[in-house]
>>> print(open('target.txt').read())   # compact mmCIF, N, CA and C atoms
# COMPACT_ATOMS: atom_id res chain seq x y z
N MET A 30 28.87 -171.65 77.02
CA MET A 30 28.44 -170.27 77.13
C MET A 30 27.74 -169.86 75.84
N PRO A 31 26.54 -169.29 75.92
CA PRO A 31 25.82 -168.90 74.70
C PRO A 31 26.50 -167.72 74.01
N GLU A 32 26.33 -167.68 72.68
CA GLU A 32 26.91 -166.58 71.91
C GLU A 32 26.16 -165.29 72.22
N GLU A 33 26.88 -164.19 72.22
CA GLU A 33 26.26 -162.90 72.46
C GLU A 33 26.13 -162.16 71.14
N PHE A 34 24.91 -161.74 70.84
CA PHE A 34 24.65 -160.99 69.61
C PHE A 34 24.35 -159.54 69.95
N LEU A 35 24.82 -158.64 69.09
CA LEU A 35 24.60 -157.21 69.25
C LEU A 35 23.84 -156.67 68.04
N THR A 36 23.00 -155.68 68.27
CA THR A 36 22.31 -155.01 67.17
C THR A 36 23.28 -154.09 66.45
N LEU A 37 22.84 -153.50 65.36
CA LEU A 37 23.67 -152.58 64.59
C LEU A 37 24.12 -151.40 65.46
N LEU A 38 23.19 -150.83 66.21
CA LEU A 38 23.52 -149.69 67.07
C LEU A 38 24.50 -150.11 68.17
N GLU A 39 24.25 -151.26 68.79
CA GLU A 39 25.14 -151.75 69.84
C GLU A 39 26.54 -152.04 69.28
N ALA A 40 26.59 -152.62 68.08
CA ALA A 40 27.88 -152.92 67.44
C ALA A 40 28.65 -151.64 67.14
N ALA A 41 27.94 -150.61 66.69
CA ALA A 41 28.59 -149.32 66.40
C ALA A 41 29.17 -148.71 67.67
N LYS A 42 28.42 -148.77 68.75
CA LYS A 42 28.94 -148.27 70.03
C LYS A 42 30.14 -149.08 70.50
N TYR A 43 30.05 -150.40 70.35
CA TYR A 43 31.14 -151.29 70.77
C TYR A 43 32.41 -151.01 69.98
N LEU A 44 32.27 -150.78 68.67
CA LEU A 44 33.42 -150.52 67.80
C LEU A 44 33.82 -149.04 67.79
N ARG A 45 33.00 -148.21 68.42
CA ARG A 45 33.24 -146.76 68.47
C ARG A 45 33.34 -146.14 67.07
N CYS A 46 32.34 -146.46 66.27
CA CYS A 46 32.26 -145.87 64.93
C CYS A 46 30.79 -145.68 64.58
N SER A 47 30.52 -145.16 63.41
CA SER A 47 29.14 -144.88 63.01
C SER A 47 28.39 -146.15 62.63
N ARG A 48 27.05 -146.05 62.72
CA ARG A 48 26.21 -147.17 62.29
C ARG A 48 26.40 -147.44 60.80
N SER A 49 26.55 -146.36 60.02
CA SER A 49 26.70 -146.54 58.57
C SER A 49 27.98 -147.29 58.24
N ARG A 50 29.06 -147.04 59.00
CA ARG A 50 30.32 -147.74 58.76
C ARG A 50 30.19 -149.23 59.09
N VAL A 51 29.52 -149.54 60.19
CA VAL A 51 29.31 -150.95 60.55
C VAL A 51 28.43 -151.62 59.51
N TYR A 52 27.37 -150.94 59.08
CA TYR A 52 26.48 -151.49 58.06
C TYR A 52 27.24 -151.74 56.76
N GLU A 53 28.06 -150.79 56.35
CA GLU A 53 28.87 -150.93 55.13
C GLU A 53 29.78 -152.16 55.23
N ARG A 54 30.42 -152.34 56.36
CA ARG A 54 31.31 -153.49 56.55
C ARG A 54 30.53 -154.80 56.61
N ALA A 55 29.28 -154.74 57.06
CA ALA A 55 28.45 -155.94 57.10
C ALA A 55 28.03 -156.36 55.69
N ILE A 56 27.60 -155.40 54.86
CA ILE A 56 27.13 -155.78 53.53
C ILE A 56 28.27 -156.18 52.60
N THR A 57 29.50 -155.77 52.92
CA THR A 57 30.65 -156.20 52.13
C THR A 57 31.32 -157.43 52.75
N ASN A 58 30.70 -157.98 53.79
CA ASN A 58 31.18 -159.18 54.49
C ASN A 58 32.53 -159.01 55.17
N GLU A 59 32.92 -157.79 55.45
CA GLU A 59 34.14 -157.57 56.24
C GLU A 59 33.89 -157.99 57.69
N ILE A 60 32.65 -157.81 58.13
CA ILE A 60 32.22 -158.29 59.45
C ILE A 60 31.04 -159.22 59.22
N PRO A 61 31.16 -160.49 59.61
CA PRO A 61 30.03 -161.41 59.45
C PRO A 61 28.82 -160.93 60.25
N SER A 62 27.65 -161.10 59.67
CA SER A 62 26.42 -160.69 60.34
C SER A 62 25.28 -161.62 59.94
N VAL A 63 24.18 -161.51 60.68
CA VAL A 63 22.97 -162.28 60.41
C VAL A 63 21.83 -161.28 60.31
N GLN A 64 21.03 -161.44 59.26
CA GLN A 64 19.87 -160.56 59.12
C GLN A 64 18.62 -161.38 59.35
N LEU A 65 17.81 -160.95 60.30
CA LEU A 65 16.60 -161.68 60.67
C LEU A 65 15.53 -161.54 59.59
N ASN A 66 14.90 -162.64 59.24
CA ASN A 66 13.80 -162.68 58.27
C ASN A 66 14.16 -162.08 56.92
N GLY A 67 15.42 -162.13 56.55
CA GLY A 67 15.84 -161.66 55.24
C GLY A 67 15.92 -160.15 55.07
N ARG A 68 15.05 -159.40 55.73
CA ARG A 68 15.07 -157.94 55.60
C ARG A 68 14.92 -157.26 56.95
N GLY A 69 15.07 -158.02 58.00
CA GLY A 69 14.88 -157.47 59.34
C GLY A 69 16.17 -156.96 59.95
N GLN A 70 16.20 -157.00 61.25
CA GLN A 70 17.31 -156.49 62.02
C GLN A 70 18.61 -157.25 61.74
N ILE A 71 19.73 -156.54 61.71
CA ILE A 71 21.04 -157.15 61.50
C ILE A 71 21.68 -157.35 62.87
N LEU A 72 22.19 -158.56 63.08
CA LEU A 72 22.84 -158.89 64.34
C LEU A 72 24.28 -159.30 64.10
N PHE A 73 25.13 -159.01 65.08
CA PHE A 73 26.56 -159.30 65.00
C PHE A 73 26.98 -160.09 66.23
N ARG A 74 27.83 -161.10 66.03
CA ARG A 74 28.39 -161.81 67.17
C ARG A 74 29.53 -160.98 67.74
N ARG A 75 29.61 -160.92 69.06
CA ARG A 75 30.66 -160.12 69.71
C ARG A 75 32.04 -160.61 69.28
N GLU A 76 32.23 -161.92 69.15
CA GLU A 76 33.56 -162.43 68.77
C GLU A 76 33.94 -162.01 67.36
N ASP A 77 32.97 -161.84 66.46
CA ASP A 77 33.27 -161.34 65.11
C ASP A 77 33.68 -159.87 65.15
N LEU A 78 33.06 -159.11 66.04
CA LEU A 78 33.44 -157.71 66.20
C LEU A 78 34.84 -157.60 66.80
N ASP A 79 35.15 -158.48 67.75
CA ASP A 79 36.49 -158.49 68.33
C ASP A 79 37.53 -158.80 67.26
N ALA A 80 37.21 -159.74 66.37
CA ALA A 80 38.13 -160.08 65.28
C ALA A 80 38.31 -158.90 64.33
N ALA A 81 37.26 -158.11 64.14
CA ALA A 81 37.35 -156.94 63.26
C ALA A 81 38.27 -155.88 63.86
N LEU A 82 38.41 -155.88 65.18
CA LEU A 82 39.27 -154.92 65.85
C LEU A 82 40.74 -155.33 65.84
N THR A 83 41.01 -156.60 65.58
CA THR A 83 42.38 -157.11 65.59
C THR A 83 43.12 -156.64 64.36
N PRO A 84 44.26 -155.95 64.53
CA PRO A 84 45.01 -155.47 63.36
C PRO A 84 45.57 -156.62 62.53
N VAL A 85 45.59 -156.41 61.24
CA VAL A 85 46.10 -157.41 60.30
C VAL A 85 47.20 -156.75 59.49
N ALA A 86 48.29 -157.48 59.21
CA ALA A 86 49.38 -156.94 58.40
C ALA A 86 48.87 -156.64 56.99
N PRO A 87 49.29 -155.53 56.37
CA PRO A 87 48.86 -155.21 55.02
C PRO A 87 49.25 -156.31 54.04
N LYS A 88 48.44 -156.51 53.02
CA LYS A 88 48.73 -157.52 52.00
C LYS A 88 50.03 -157.17 51.29
N GLY A 89 50.81 -158.19 50.96
CA GLY A 89 52.06 -157.98 50.25
C GLY A 89 53.23 -157.68 51.16
N ARG A 90 52.96 -157.47 52.42
CA ARG A 90 54.03 -157.18 53.37
C ARG A 90 54.33 -158.44 54.16
N LYS A 91 55.59 -158.74 54.28
CA LYS A 91 56.00 -159.88 55.08
C LYS A 91 56.42 -159.36 56.45
N THR A 92 56.28 -160.20 57.43
CA THR A 92 56.62 -159.78 58.79
C THR A 92 58.03 -160.18 59.16
N SER A 93 58.90 -160.34 58.18
CA SER A 93 60.29 -160.71 58.44
C SER A 93 61.09 -159.47 58.84
N ALA A 94 62.36 -159.68 59.11
CA ALA A 94 63.25 -158.59 59.54
C ALA A 94 63.36 -157.53 58.44
N PRO A 95 63.54 -156.27 58.83
CA PRO A 95 63.66 -155.20 57.81
C PRO A 95 64.93 -155.38 56.98
N ARG A 96 64.87 -154.89 55.75
CA ARG A 96 66.02 -154.99 54.87
C ARG A 96 67.16 -154.06 55.30
N GLN A 97 68.36 -154.49 55.04
CA GLN A 97 69.55 -153.68 55.33
C GLN A 97 69.83 -152.77 54.14
N ALA A 98 70.16 -151.54 54.39
CA ALA A 98 70.52 -150.62 53.32
C ALA A 98 71.92 -150.98 52.78
N ASN A 99 72.08 -150.89 51.47
CA ASN A 99 73.42 -151.15 50.88
C ASN A 99 74.34 -149.96 51.16
N ALA A 100 75.51 -150.27 51.66
CA ALA A 100 76.46 -149.21 51.99
C ALA A 100 77.45 -148.98 50.89
>>> encode(input="target.txt", output="structure tokens")
Amino acid sequence: MPEEFLTLLEAAKYLRCSRSRVYERAITNEIPSVQLNGRGQILFRREDLDAALTPVAPKGRKTSAPRQANA
């Protein structure tokens, strides 16, 4: 199955956020993207956008059982 690419506007609609927020995340590499001809249109793979939607545990937090309070 061929990869599906979305434009900046399409990605913003898919993620339900602003174009500027998607662009900001693209230039900081939070969401992988491809820019055509070095300065052209920015494209996003749908699977990368899906990964951006997946929640991640905060850094420094372990997913183990909660601590017991000392009595």
>>> residues_around(input="target.txt", residues="region 64-73 of chain A", least_positions_apart="2", cutoff="6.5 Å", atoms="only N, CA and C atoms", output="ChimeraX atom specification")
/A:33-37,61-62,75-78
>>> atom_distance(input="target.txt", atom1="atom N of Pro31 (chain A)", atom2="atom C of Val51 (chain A)")
24.2 Å
>>> atom_distance(input="target.txt", atom1="atom C of Glu59 (chain A)", atom2="atom C of Thr83 (chain A)")
11.5 Å
>>> atom_distance(input="target.txt", atom1="CA of Ile60 (chain A)", atom2="atom C of Asp79 (chain A)")
9.5 Å
